[in-house]
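Below is target14.csv, holding CSV, C-alpha atoms.
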```csv
chain,number,residue,atom,x,y,z
O,816,MET,CA,85.7,133.4,121.2
O,817,ARG,CA,82.8,130.9,121.5
O,818,LEU,CA,79.3,131.9,120.6
O,819,SER,CA,76.4,129.6,120.3
O,820,ILE,CA,72.6,129.6,120.4
O,821,LYS,CA,71.1,126.2,121.1
O,822,HIS,CA,69.0,124.8,118.3
O,823,GLN,CA,65.9,123.4,119.9
O,824,GLU,CA,64.2,120.2,118.7
O,825,SER,CA,60.9,121.9,118.8
O,826,TYR,CA,59.8,125.5,119.2
O,827,SER,CA,56.7,126.7,121.1
O,828,ARG,CA,54.1,128.1,118.7
O,829,SER,CA,52.3,130.0,121.5
O,830,GLU,CA,55.5,131.7,122.6
O,831,LEU,CA,56.2,132.6,119.0
O,832,LEU,CA,52.8,134.2,118.6
O,833,LEU,CA,53.1,135.9,122.0
O,834,ARG,CA,56.5,137.3,121.0
O,835,ALA,CA,55.1,138.4,117.6
O,836,PHE,CA,52.2,140.3,119.0
O,837,PHE,CA,53.3,141.4,122.5
O,838,GLY,CA,57.0,140.9,122.5
O,839,LEU,CA,57.6,144.6,122.0
O,840,PHE,CA,55.9,145.4,125.3
O,841,TYR,CA,57.0,142.5,127.5
O,842,ILE,CA,60.5,141.8,126.1
O,843,PHE,CA,62.0,144.5,124.0
O,844,ILE,CA,61.0,147.7,125.7
O,845,PRO,CA,61.9,146.7,129.3
O,846,HIS,CA,65.2,145.1,128.1
O,847,LEU,CA,66.2,147.9,125.8
O,848,PHE,CA,65.3,150.5,128.4
O,849,LEU,CA,67.8,149.0,130.9
O,850,LEU,CA,70.3,148.1,128.2
O,851,LEU,CA,70.5,151.7,127.2
O,852,PHE,CA,71.8,152.8,130.6
O,853,CYS,CA,74.2,149.9,130.7
O,854,ALA,CA,75.4,150.7,127.2
O,855,ILE,CA,76.1,154.3,128.2
O,856,TRP,CA,78.2,153.1,131.1
O,857,GLY,CA,79.8,150.5,128.7
O,858,SER,CA,80.8,153.3,126.3
O,859,ILE,CA,82.4,155.3,129.2
O,860,LEU,CA,84.3,152.2,130.3
O,861,ARG,CA,85.4,151.6,126.7
O,862,PHE,CA,86.7,155.1,126.3
O,863,ILE,CA,88.7,154.8,129.5
O,864,ALA,CA,89.9,151.4,128.5
O,865,TRP,CA,91.2,152.9,125.3
O,866,TRP,CA,93.6,155.1,127.3
O,867,VAL,CA,94.6,152.4,129.7
O,868,ILE,CA,95.5,150.0,126.8
O,869,LEU,CA,97.5,152.8,125.1
O,870,PHE,CA,99.6,153.3,128.2
O,871,THR,CA,99.7,149.9,129.8
O,872,GLY,CA,98.9,147.4,127.0
O,873,ARG,CA,96.2,145.8,129.1
O,874,HIS,CA,92.4,146.0,129.1
O,875,PRO,CA,91.4,146.3,132.8
O,876,GLU,CA,89.9,142.9,133.7
O,877,SER,CA,86.7,144.2,135.4
O,878,PHE,CA,86.0,146.5,132.4
O,879,PHE,CA,86.5,143.6,130.1
O,880,GLU,CA,84.1,141.4,132.1
O,881,TYR,CA,81.5,144.2,132.1
O,882,GLN,CA,81.7,144.4,128.3
O,883,VAL,CA,81.4,140.6,127.9
O,884,ASN,CA,78.4,140.5,130.2
O,885,LEU,CA,76.8,143.3,128.2
O,886,LEU,CA,77.4,141.3,125.0
O,887,ARG,CA,75.9,138.2,126.7
O,888,TRP,CA,72.8,140.2,127.6
O,889,ASN,CA,72.5,141.5,124.0
O,890,LEU,CA,72.9,137.9,122.8
O,891,ARG,CA,70.1,136.6,125.0
O,892,LEU,CA,67.8,139.4,123.8
O,893,GLN,CA,68.8,138.9,120.1
O,894,ALA,CA,68.1,135.2,120.3
O,895,ARG,CA,64.5,136.0,121.3
O,896,ILE,CA,64.1,138.9,118.8
O,897,LEU,CA,65.1,136.6,116.0
O,898,ASN,CA,63.0,133.7,117.4
O,899,LEU,CA,66.2,131.5,117.6
O,900,SER,CA,65.3,130.6,121.2
O,901,ASP,CA,62.3,130.2,123.4
O,902,GLY,CA,61.9,131.4,126.9
O,903,TYR,CA,62.3,134.8,128.5
O,904,PRO,CA,65.7,136.4,128.5
O,905,ALA,CA,67.2,137.0,131.9
O,906,PHE,CA,67.6,140.6,133.0
O,907,GLY,CA,70.9,142.0,134.2
O,908,LEU,CA,74.6,141.7,133.5
O,909,SER,CA,74.9,138.6,135.7
O,910,GLY,CA,71.9,136.9,134.2
O,911,THR,CA,72.3,133.4,132.9
O,912,ASP,CA,70.8,131.5,130.0
O,913,ASP,CA,70.8,127.8,129.1
O,914,ASN,CA,70.2,128.5,125.4
O,915,THR,CA,72.9,130.9,124.6
O,916,THR,CA,76.7,130.8,125.2
O,917,LEU,CA,79.3,133.5,124.8
O,918,GLU,CA,82.8,132.9,126.1
O,919,VAL,CA,85.5,135.5,125.3
O,920,PRO,CA,89.1,134.7,126.5
O,921,TYR,CA,90.7,137.6,128.4
O,922,PRO,CA,93.8,138.8,126.6
O,923,GLU,CA,96.6,139.3,129.1
O,924,LYS,CA,98.4,141.7,126.7
O,925,LEU,CA,97.1,143.8,123.8
O,926,SER,CA,99.4,145.2,121.1
O,927,ARG,CA,99.5,149.0,121.4
O,928,GLY,CA,100.5,149.2,117.7
O,929,THR,CA,97.4,147.3,116.7
O,930,HIS,CA,95.4,149.4,119.1
O,931,LEU,CA,96.4,152.6,117.4
O,932,LEU,CA,96.0,151.0,113.9
O,933,LYS,CA,92.4,149.9,114.6
O,934,THR,CA,91.6,153.3,116.1
O,935,LEU,CA,93.0,155.3,113.1
O,936,PHE,CA,92.3,153.0,110.2
O,937,GLY,CA,89.8,150.5,111.7
O,938,ALA,CA,86.9,152.0,109.7
O,939,ILE,CA,88.8,151.3,106.5
O,940,TYR,CA,90.2,147.9,107.0
O,941,VAL,CA,87.7,146.4,109.4
O,942,ILE,CA,84.4,148.1,109.4
O,943,LEU,CA,84.1,148.7,105.6
O,944,PRO,CA,84.8,145.2,104.3
O,945,HIS,CA,83.0,143.4,107.1
O,946,VAL,CA,79.9,145.6,107.1
O,947,PHE,CA,79.7,145.2,103.3
O,948,VAL,CA,79.4,141.5,103.7
O,949,LEU,CA,77.3,141.6,106.9
O,950,TYR,CA,74.8,144.0,105.1
O,951,PHE,CA,73.9,141.3,102.6
O,952,ARG,CA,73.9,138.6,105.3
O,953,ALA,CA,71.5,140.7,107.3
O,954,ILE,CA,69.1,141.1,104.4
O,955,TRP,CA,69.1,137.4,103.8
O,956,GLY,CA,68.7,136.9,107.5
O,957,MET,CA,65.6,139.1,107.5
O,958,ILE,CA,64.1,136.9,104.8
O,959,LEU,CA,64.9,133.7,106.6
O,960,ASN,CA,63.5,135.2,109.8
O,961,PHE,CA,60.2,135.8,108.1
O,962,LEU,CA,60.2,132.3,106.6
O,963,SER,CA,61.2,130.7,109.8
O,964,PHE,CA,58.2,132.4,111.6
O,965,TRP,CA,55.9,130.4,109.3
O,966,SER,CA,58.0,127.3,109.6
O,967,VAL,CA,57.8,127.4,113.4
O,968,LEU,CA,54.1,128.2,113.3
O,969,PHE,CA,53.1,125.3,111.1
O,970,THR,CA,55.7,122.7,111.9
O,971,GLY,CA,57.0,123.7,115.3
O,972,SER,CA,60.6,123.4,114.1
O,973,TYR,CA,63.2,125.9,113.0
O,974,PRO,CA,65.2,124.6,110.0
O,975,LYS,CA,68.7,123.9,111.3
O,976,SER,CA,70.6,125.4,108.4
O,977,TRP,CA,68.6,128.7,108.7
O,978,HIS,CA,69.3,128.7,112.4
O,979,GLU,CA,73.0,128.2,111.8
O,980,PHE,CA,73.0,131.0,109.3
O,981,GLN,CA,71.4,133.4,111.8
O,982,VAL,CA,73.8,132.4,114.6
O,983,GLY,CA,76.7,132.7,112.1
O,984,THR,CA,75.8,136.3,111.4
O,985,ILE,CA,75.6,137.2,115.1
O,986,ARG,CA,79.0,135.4,115.6
O,987,TRP,CA,80.6,137.3,112.8
O,988,SER,CA,79.4,140.7,114.0
O,989,THR,CA,80.4,139.8,117.6
O,990,ARG,CA,83.9,139.1,116.4
O,991,VAL,CA,84.0,142.5,114.7
O,992,ASN,CA,82.7,144.1,117.8
O,993,LEU,CA,85.3,142.4,120.0
O,994,TYR,CA,88.1,143.5,117.7
O,995,MET,CA,86.9,147.1,117.4
O,996,GLY,CA,86.0,147.2,121.1
O,997,TYR,CA,89.7,146.6,122.0
O,998,MET,CA,88.9,143.2,123.4
O,999,SER,CA,90.9,141.1,121.0
O,1000,ASP,CA,93.9,141.6,118.7
O,1001,GLU,CA,92.8,138.8,116.4
O,1002,TYR,CA,91.5,140.2,113.1
O,1003,PRO,CA,88.0,138.9,112.6
O,1004,PRO,CA,87.8,136.2,109.9
O,1005,PHE,CA,85.5,136.6,107.0
O,1006,SER,CA,83.6,133.6,108.2
O,1007,SER,CA,80.6,132.8,110.3
O,1008,LYS,CA,81.9,129.4,111.4
O,1009,PRO,CA,82.9,128.9,115.0
O,1010,ASP,CA,86.6,128.5,115.8
O,1011,VAL,CA,88.0,125.0,115.1
O,1012,GLU,CA,88.7,124.3,118.8
O,1013,ASP,CA,85.3,125.7,119.9
O,1014,GLU,CA,83.6,123.5,117.2
O,1015,LYS,CA,85.2,120.5,118.8
O,1016,ILE,CA,84.0,121.5,122.3
O,1017,GLU,CA,80.6,122.1,121.0
O,1018,SER,CA,80.3,118.8,119.1
O,1019,ALA,CA,81.6,117.0,122.2
O,1020,SER,CA,79.0,118.6,124.4
O,1021,THR,CA,76.2,117.7,122.0
O,1022,GLU,CA,77.3,114.1,121.7
A,718,MET,CA,87.6,156.0,172.5
A,719,SER,CA,90.1,156.0,169.6
A,720,ARG,CA,89.1,154.7,166.3
A,721,ILE,CA,90.5,151.5,165.0
A,722,TYR,CA,91.9,151.4,161.5
A,723,ALA,CA,92.5,148.4,159.3
A,724,GLU,CA,96.0,147.8,158.1
A,725,ILE,CA,97.0,149.5,154.8
A,726,PRO,CA,97.8,146.9,152.2
A,727,GLN,CA,101.3,146.9,150.8
A,728,PRO,CA,101.9,146.9,147.0
A,729,GLU,CA,102.8,143.2,146.9
A,730,GLU,CA,99.5,142.4,148.7
A,731,VAL,CA,97.3,144.3,146.1
A,732,SER,CA,96.3,142.2,143.1
A,733,THR,CA,96.5,143.4,139.5
A,734,ARG,CA,92.8,143.5,139.3
A,735,GLU,CA,92.5,145.7,142.4
A,736,ARG,CA,95.2,148.0,141.1
A,737,GLU,CA,93.4,148.4,137.8
A,738,ASP,CA,90.0,149.0,139.5
A,739,ALA,CA,91.6,151.6,141.7
A,740,MET,CA,93.3,153.3,138.7
A,741,GLY,CA,90.0,153.4,136.8
A,742,ALA,CA,88.4,155.6,139.5
A,743,TYR,CA,90.7,158.5,138.6
A,744,LEU,CA,90.0,158.1,134.9
A,745,MET,CA,86.3,158.8,135.5
A,746,MET,CA,87.3,162.4,135.0
A,747,PHE,CA,87.0,161.6,131.3
A,748,GLY,CA,83.4,160.4,131.7
A,749,ALA,CA,81.9,163.5,130.1
A,750,LEU,CA,84.3,163.2,127.2
A,751,ALA,CA,83.3,159.5,126.7
A,752,ALA,CA,79.6,160.3,126.9
A,753,GLY,CA,80.1,163.1,124.4
A,754,LEU,CA,78.4,165.7,126.6
A,755,PRO,CA,80.4,168.7,127.8
A,756,LEU,CA,78.5,168.6,131.2
A,757,PRO,CA,80.7,168.5,134.3
A,758,ILE,CA,77.9,166.6,136.1
A,759,ILE,CA,78.6,163.6,133.9
A,760,ASN,CA,82.0,163.1,135.5
A,761,LEU,CA,80.5,163.3,138.9
A,762,ILE,CA,77.8,160.7,138.0
A,763,ALA,CA,80.4,158.5,136.5
A,764,ALA,CA,82.5,158.7,139.7
A,765,VAL,CA,79.4,158.0,141.9
A,766,VAL,CA,78.5,154.9,139.8
A,767,TYR,CA,82.0,153.7,139.8
A,768,TYR,CA,82.3,154.0,143.6
A,769,TYR,CA,79.0,152.1,144.1
A,770,VAL,CA,80.1,149.4,141.7
A,771,ASN,CA,83.6,148.9,143.2
A,772,ARG,CA,83.2,149.8,146.9
A,773,ASN,CA,83.1,146.2,148.0
A,774,LYS,CA,86.2,145.2,146.2
A,775,GLY,CA,88.6,145.7,149.1
A,776,ARG,CA,89.7,148.7,151.1
A,777,PHE,CA,92.4,149.7,148.7
A,778,VAL,CA,89.9,150.1,145.8
A,779,LYS,CA,87.4,151.7,148.1
A,780,PHE,CA,90.0,154.3,149.2
A,781,HIS,CA,91.0,155.3,145.7
A,782,THR,CA,87.4,155.4,144.4
A,783,LEU,CA,86.3,157.5,147.4
A,784,GLN,CA,89.3,159.9,147.0
A,785,SER,CA,88.5,160.3,143.3
A,786,LEU,CA,84.8,160.9,144.1
A,787,TYR,CA,85.4,163.5,146.8
A,788,SER,CA,87.9,165.4,144.7
A,789,GLN,CA,85.2,165.6,141.9
A,790,PHE,CA,82.9,167.7,144.0
A,791,PRO,CA,84.7,171.0,144.1
A,792,THR,CA,85.7,170.7,140.4
A,793,THR,CA,82.2,169.9,139.4
A,794,ILE,CA,80.8,172.8,141.3
A,795,LEU,CA,83.3,175.3,139.9
A,796,ASN,CA,82.8,174.0,136.3
A,797,ALA,CA,79.0,174.1,136.7
A,798,GLY,CA,79.3,177.7,138.0
A,799,LEU,CA,81.4,178.6,134.9
A,800,ILE,CA,78.9,177.1,132.5
A,801,PHE,CA,76.0,178.9,134.2
A,802,TRP,CA,77.8,182.2,134.1
A,803,THR,CA,78.8,181.8,130.4
A,804,ILE,CA,75.3,180.9,129.5
A,805,ARG,CA,74.0,184.0,131.3
A,806,ILE,CA,76.5,186.2,129.4
A,807,LEU,CA,75.5,184.6,126.1
A,808,THR,CA,71.8,185.1,126.7
A,809,LEU,CA,72.0,188.6,128.1
A,810,THR,CA,69.6,191.0,126.5
A,811,GLY,CA,69.1,194.7,126.9
A,812,ASN,CA,71.4,197.7,126.6
A,813,PRO,CA,75.0,196.6,126.4
A,814,GLU,CA,76.2,199.8,128.1
A,815,THR,CA,74.3,199.0,131.3
A,816,TRP,CA,74.9,195.3,131.3
A,817,GLU,CA,77.6,195.4,133.9
A,818,SER,CA,75.7,197.6,136.4
A,819,ASP,CA,72.3,195.8,135.8
A,820,ASN,CA,73.5,192.2,135.9
A,821,PRO,CA,76.0,190.6,138.4
A,822,PHE,CA,76.6,187.8,135.9
A,823,ALA,CA,77.7,190.1,133.0
A,824,GLU,CA,81.1,189.7,131.4
A,825,ASN,CA,83.3,191.7,133.8
A,826,SER,CA,86.8,191.3,135.4
A,827,LEU,CA,85.3,189.1,138.1
A,828,PHE,CA,84.3,186.6,135.4
A,829,TRP,CA,87.8,186.5,133.9
A,830,GLY,CA,89.2,186.0,137.4
A,831,TYR,CA,86.8,183.2,138.0
A,832,LEU,CA,87.7,181.6,134.7
A,833,CYS,CA,91.4,181.6,135.7
A,834,VAL,CA,90.5,179.9,139.0
A,835,VAL,CA,88.4,177.3,137.2
A,836,ILE,CA,91.2,176.6,134.7
A,837,THR,CA,93.8,176.3,137.5
A,838,ALA,CA,91.5,174.0,139.6
A,839,ASN,CA,90.9,171.8,136.6
A,840,LEU,CA,94.6,171.6,135.7
A,841,LEU,CA,95.5,170.7,139.3
A,842,TYR,CA,92.7,168.2,139.4
A,843,PHE,CA,93.9,166.6,136.2
A,844,ILE,CA,97.6,166.4,137.3
A,845,PHE,CA,96.7,165.0,140.7
A,846,SER,CA,94.3,162.5,139.2
A,847,ILE,CA,96.9,161.2,136.7
A,848,VAL,CA,99.5,160.9,139.5
A,849,GLY,CA,96.8,159.1,141.6
A,850,ALA,CA,96.0,156.7,138.7
A,851,VAL,CA,99.7,155.9,138.1
A,852,ARG,CA,100.3,155.3,141.9
A,853,ALA,CA,97.1,153.2,142.2
A,854,ARG,CA,98.3,151.0,139.3
A,855,LYS,CA,101.5,150.5,141.2
A,856,GLY,CA,99.6,149.4,144.2
A,857,ARG,CA,100.5,152.5,146.1
A,858,MET,CA,98.5,154.8,148.3
A,859,TYR,CA,98.4,158.5,147.3
A,860,TYR,CA,96.8,161.1,149.4
A,861,PHE,CA,95.3,164.3,147.9
A,862,LEU,CA,95.2,167.3,150.1
A,863,PHE,CA,92.2,167.1,152.5
A,864,PHE,CA,90.3,164.5,150.4
A,865,GLY,CA,93.0,161.9,151.0
A,866,LYS,CA,92.6,162.0,154.7
A,867,LEU,CA,88.8,162.0,154.4
A,868,ALA,CA,88.8,159.0,152.1
A,869,TYR,CA,91.3,157.1,154.3
A,870,HIS,CA,89.1,157.6,157.4
A,871,ARG,CA,86.1,156.3,155.5
A,872,ALA,CA,87.8,153.4,153.8
A,873,PHE,CA,90.0,152.1,156.5
A,874,SER,CA,88.2,152.9,159.7
A,875,GLY,CA,87.0,149.8,161.6
A,876,PRO,CA,89.0,146.5,161.8
A,877,ASP,CA,88.7,143.8,159.3
A,878,SER,CA,86.1,141.3,160.5
A,879,ALA,CA,88.3,138.6,159.2
A,880,ALA,CA,91.3,139.9,161.3
A,881,THR,CA,89.3,140.1,164.5
A,882,GLY,CA,87.4,136.9,163.9
A,883,HIS,CA,84.2,138.8,164.9
A,884,VAL,CA,81.2,138.5,162.7
A,885,ASN,CA,79.0,141.0,164.4
A,886,ALA,CA,80.3,144.6,164.6
A,887,PRO,CA,78.9,147.9,166.0
A,888,PRO,CA,77.1,150.3,163.6
A,889,LYS,CA,79.4,152.4,161.5
```

As structure tokens, the full file:
Amino acid sequence: MRLSIKHQESYSRSELLLRAFFGLFYIFIPHLFLLLFCAIWGSILRFIAWWVILFTGRHPESFFEYQVNLLRWNLRLQARILNLSDGYPAFGLSGTDDNTTLEVPYPEKLSRGTHLLKTLFGAIYVILPHVFVLYFRAIWGMILNFLSFWSVLFTGSYPKSWHEFQVGTIRWSTRVNLYMGYMSDEYPPFSSKPDVEDEKIESASTE
Amino acid sequence: MSRIYAEIPQPEEVSTREREDAMGAYLMMFGALAAGLPLPIINLIAAVVYYYVNRNKGRFVKFHTLQSLYSQFPTTILNAGLIFWTIRILTLTGNPETWESDNPFAENSLFWGYLCVVITANLLYFIFSIVGAVRARKGRMYYFLFFGKLAYHRAFSGPDSAATGHVNAPPK
């Protein structure tokens, strides 16, 4: 899984203020309204995919693509909500964005044993430990979000380590989502770092 | 003038993705369960959405999504009727001794007969849909009574524009 949000050299102060005062009306409400319907459809597809995986050991490819596109849309929106990116997030499942990347490899086969295990005991061995850590990360993330607002307002730059922390939290929760959403058999690591191979790709692309 | 039909694809010509998309159409009967609302209309809405999302993914997928959609209609109507009738019974007021004579939707033997019909229809629908889903995943055609023919006419009528080499075609 590869998730990244581009750290910009400089951030627009006017966009920051616009988002802070009117973002609710021109970004969040229209996006969330549409996302709600897409999420309902996504939950129907997920439920059906559960049965398909149980009997065939495969996540239907088009269902999988739909879920990934839904996650991409969420990521685009989240990047703006947290002021991690400038610009207006594209609408729709096929929307594109230069600032955010989410690549999820399609698993040709999924283990049915793991599938049942995560359904029956996922709350205990996945949700509970990960949410416990993510809860504290989210609190710290909120503090950093508040501080970064002033940093961007006065200096026009978002401290890189803060940016990495926020992206790391999103990456972590996305990995948990993928595992619990039957899209991966790989147990999510207790880490916010990108996968080693993806880190290489990312560093090569920035050089 | 006889109608022209496109050739039916054979299992080896149907990709795994098409098979899975076709199979998914029959599983839309679980839509209401997934949405957590016991309303039969949810299944129908799910089938309609699924049809419109997938209808351009080839004739094989179109046929199965259409067949699933058509077969949803009678089941949805029957289920909706049962829900309406049950709600009427639960909300009946007045003298219990004169319910049956006063109200055509009271709990009478007709209601129990209707309930049996609905249960049978749902069971048949469930069994046929599961068989349809399994066949679709194998890349096979499977025709429901009446709806199968209807879906076939709709999905396969008209030649493939690629096969004839003609870009412009008469209105459908």

With the cut-off set at 8 Å and counting all atoms listed in the file, tabulate each residue of chain A with an atom at most that distance from an atom of chain O, showing the nearest atom pair and its distance in Å to one decimal, ordered by chain and increasing number, as CSV.
```
residue,atom,partner,partner_atom,distance
A:Arg734,CA,O:Glu876,CA,6.3
A:Glu737,CA,O:Pro875,CA,5.8
A:Asp738,CA,O:Ser877,CA,7.1
A:Gly741,CA,O:Ile863,CA,7.5
A:Leu744,CA,O:Ile863,CA,6.5
A:Met745,CA,O:Ile863,CA,7.6
A:Phe747,CA,O:Ile863,CA,7.2
A:Gly748,CA,O:Ile859,CA,5.8
A:Ala751,CA,O:Ile859,CA,5.0
A:Ala752,CA,O:Ile859,CA,6.2
A:Ala763,CA,O:Trp856,CA,7.9
```

Convert the current residue selection to file output with C-alpha atoms, as a PDB file, in the frame of the given file.
```
ATOM      1  CA  ARG A 734      92.800 143.500 139.300  1.00  0.00           C
ATOM      2  CA  GLU A 737      93.400 148.400 137.800  1.00  0.00           C
ATOM      3  CA  ASP A 738      90.000 149.000 139.500  1.00  0.00           C
ATOM      4  CA  GLY A 741      90.000 153.400 136.800  1.00  0.00           C
ATOM      5  CA  LEU A 744      90.000 158.100 134.900  1.00  0.00           C
ATOM      6  CA  MET A 745      86.300 158.800 135.500  1.00  0.00           C
ATOM      7  CA  PHE A 747      87.000 161.600 131.300  1.00  0.00           C
ATOM      8  CA  GLY A 748      83.400 160.400 131.700  1.00  0.00           C
ATOM      9  CA  ALA A 751      83.300 159.500 126.700  1.00  0.00           C
ATOM     10  CA  ALA A 752      79.600 160.300 126.900  1.00  0.00           C
ATOM     11  CA  ALA A 763      80.400 158.500 136.500  1.00  0.00           C
TER      12      ALA A 763
END
```

| Which polymer residues have any atom within 12 Å of an atom of segment 843-845 of chain A, counting only C-alpha atoms, with same-chain residues fewer than 2 positions away left out, as a PyMOL selection string? | chain A and resi 743-747+784-785+788-789+792+836-841+847-853+859-862+864-865

| Which one is closest to Gly875 of chain A: A:Arg776, A:Met740, A:Val770, A:Thr803? Count all atoms listed in the file. | A:Arg776

| message | Residues proximal to (88.4, 155.3, 157.5) were defined as those with any atom within 10 Å of that point in the file's coordinates, counting all atoms listed in the file. Which are they, as a ChimeraX atom specification? | response | /A:720-723,776,780,866-876

Create the file for the chosen residues now, containing C-alpha atoms and written as a short mmCIF file (atom, residue, chain, number, x, y, z; two decimals), in the coordinates of the input.
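Ended up saving to again-v8.cif:
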```cif
data_model
loop_
_atom_site.label_atom_id
_atom_site.label_comp_id
_atom_site.auth_asym_id
_atom_site.auth_seq_id
_atom_site.Cartn_x
_atom_site.Cartn_y
_atom_site.Cartn_z
CA ARG A 720 89.10 154.70 166.30
CA ILE A 721 90.50 151.50 165.00
CA TYR A 722 91.90 151.40 161.50
CA ALA A 723 92.50 148.40 159.30
CA ARG A 776 89.70 148.70 151.10
CA PHE A 780 90.00 154.30 149.20
CA LYS A 866 92.60 162.00 154.70
CA LEU A 867 88.80 162.00 154.40
CA ALA A 868 88.80 159.00 152.10
CA TYR A 869 91.30 157.10 154.30
CA HIS A 870 89.10 157.60 157.40
CA ARG A 871 86.10 156.30 155.50
CA ALA A 872 87.80 153.40 153.80
CA PHE A 873 90.00 152.10 156.50
CA SER A 874 88.20 152.90 159.70
CA GLY A 875 87.00 149.80 161.60
CA PRO A 876 89.00 146.50 161.80
#
```

| message | One number please: atom CA of Arg891 of chain O to atom CA of Asp912 of chain O, in Å, one decimal. | response |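 These atoms are spaced 7.2 Å apart.
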
| message | Report, in Å to a single decimal, how far apart atom CA of Tyr767 of chain A and atom CA of Phe848 of chain O are. | response |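 Interatomic distance, atom CA of Phe848 of chain O to atom CA of Tyr767 of chain A: 20.5 Å.
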
| One-decimal distance in Å that lies between atom CA of Tyr842 of chain A and atom CA of Trp829 of chain A |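 That distance, rounded to one decimal, is 19.7 Å.
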
| task | Using all atoms listed in the file, find the one residue out of O:Trp888, O:Tyr994, O:Tyr973, O:Phe980 that sits nearest to Gly910 of chain O. | result |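 Of the candidates, the smallest distance to Gly910 of chain O is held by O:Trp888.
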
| message | So that I can check the surroundings of segment 796-798 of chain A, please list as a list in words every protein, DNA and RNA residue that reaches within 8 Å of it, counting all atoms listed in the file and ignoring chain neighbours fewer than 3 positions away. | response |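 Result of the neighbour search: Leu756, Pro757, Ile758, Thr792, Thr793, Phe801, Trp802 and Val835 of chain A.
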
Saved selection, atoms kept: C-alpha atoms, as a CSV table (one decimal), in the frame of the given file:
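Result file selection-v2.csv:
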```csv
chain,number,residue,atom,x,y,z
A,756,LEU,CA,78.5,168.6,131.2
A,757,PRO,CA,80.7,168.5,134.3
A,758,ILE,CA,77.9,166.6,136.1
A,792,THR,CA,85.7,170.7,140.4
A,793,THR,CA,82.2,169.9,139.4
A,801,PHE,CA,76.0,178.9,134.2
A,802,TRP,CA,77.8,182.2,134.1
A,835,VAL,CA,88.4,177.3,137.2
```

If we count all atoms listed in the file and set the cut-off at 9 Å, which residues sit around Val982 of chain O, ignoring sequence neighbours fewer than 6 positions away in its own chain? Please answer as a CSV table (one decimal) with C-alpha atoms, in the coordinates of the input.
```csv
chain,number,residue,atom,x,y,z
O,818,LEU,CA,79.3,131.9,120.6
O,819,SER,CA,76.4,129.6,120.3
O,820,ILE,CA,72.6,129.6,120.4
O,894,ALA,CA,68.1,135.2,120.3
O,899,LEU,CA,66.2,131.5,117.6
O,1007,SER,CA,80.6,132.8,110.3
```

| task | Please provide the set of residues having any atom within 10 Å of segment 928-945 of chain O, restricted to all atoms listed in the file, with same-chain residues fewer than 2 positions apart removed, written as an MDAnalysis selection string. | result | chainID O and resid 865 868:869 872 925:926 947:950 987:988 991:992 994:1006

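Between Ser732 of chain A and the candidates A:Leu761, A:Val778, A:Leu807, A:Val834, the tightest atom-to-atom separation, counting only C-alpha atoms, involves A:Val778.
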
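Minimum atom-to-atom distance to Ser966 of chain O, evaluated using all atoms listed in the file, belongs to O:His978 out of O:Arg834, O:His978, O:Thr984, O:Gln882.
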
| query | Which residues come within 8 Å of Asn898 of chain O, counting all atoms listed in the file, excluding same-chain residues fewer than 3 positions away, as an MDAnalysis selection string? | reply | chainID O and resid 831 894:895 901 960 964

| message | With distances taken over only C-alpha atoms, which residue among A:Gly775, A:Phe790, A:Lys855, A:Gly830 lies nearest Ile725 of chain A? | response |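 Among A:Gly775, A:Phe790, A:Lys855, A:Gly830, it is A:Gly775 that comes nearest to Ile725 of chain A.
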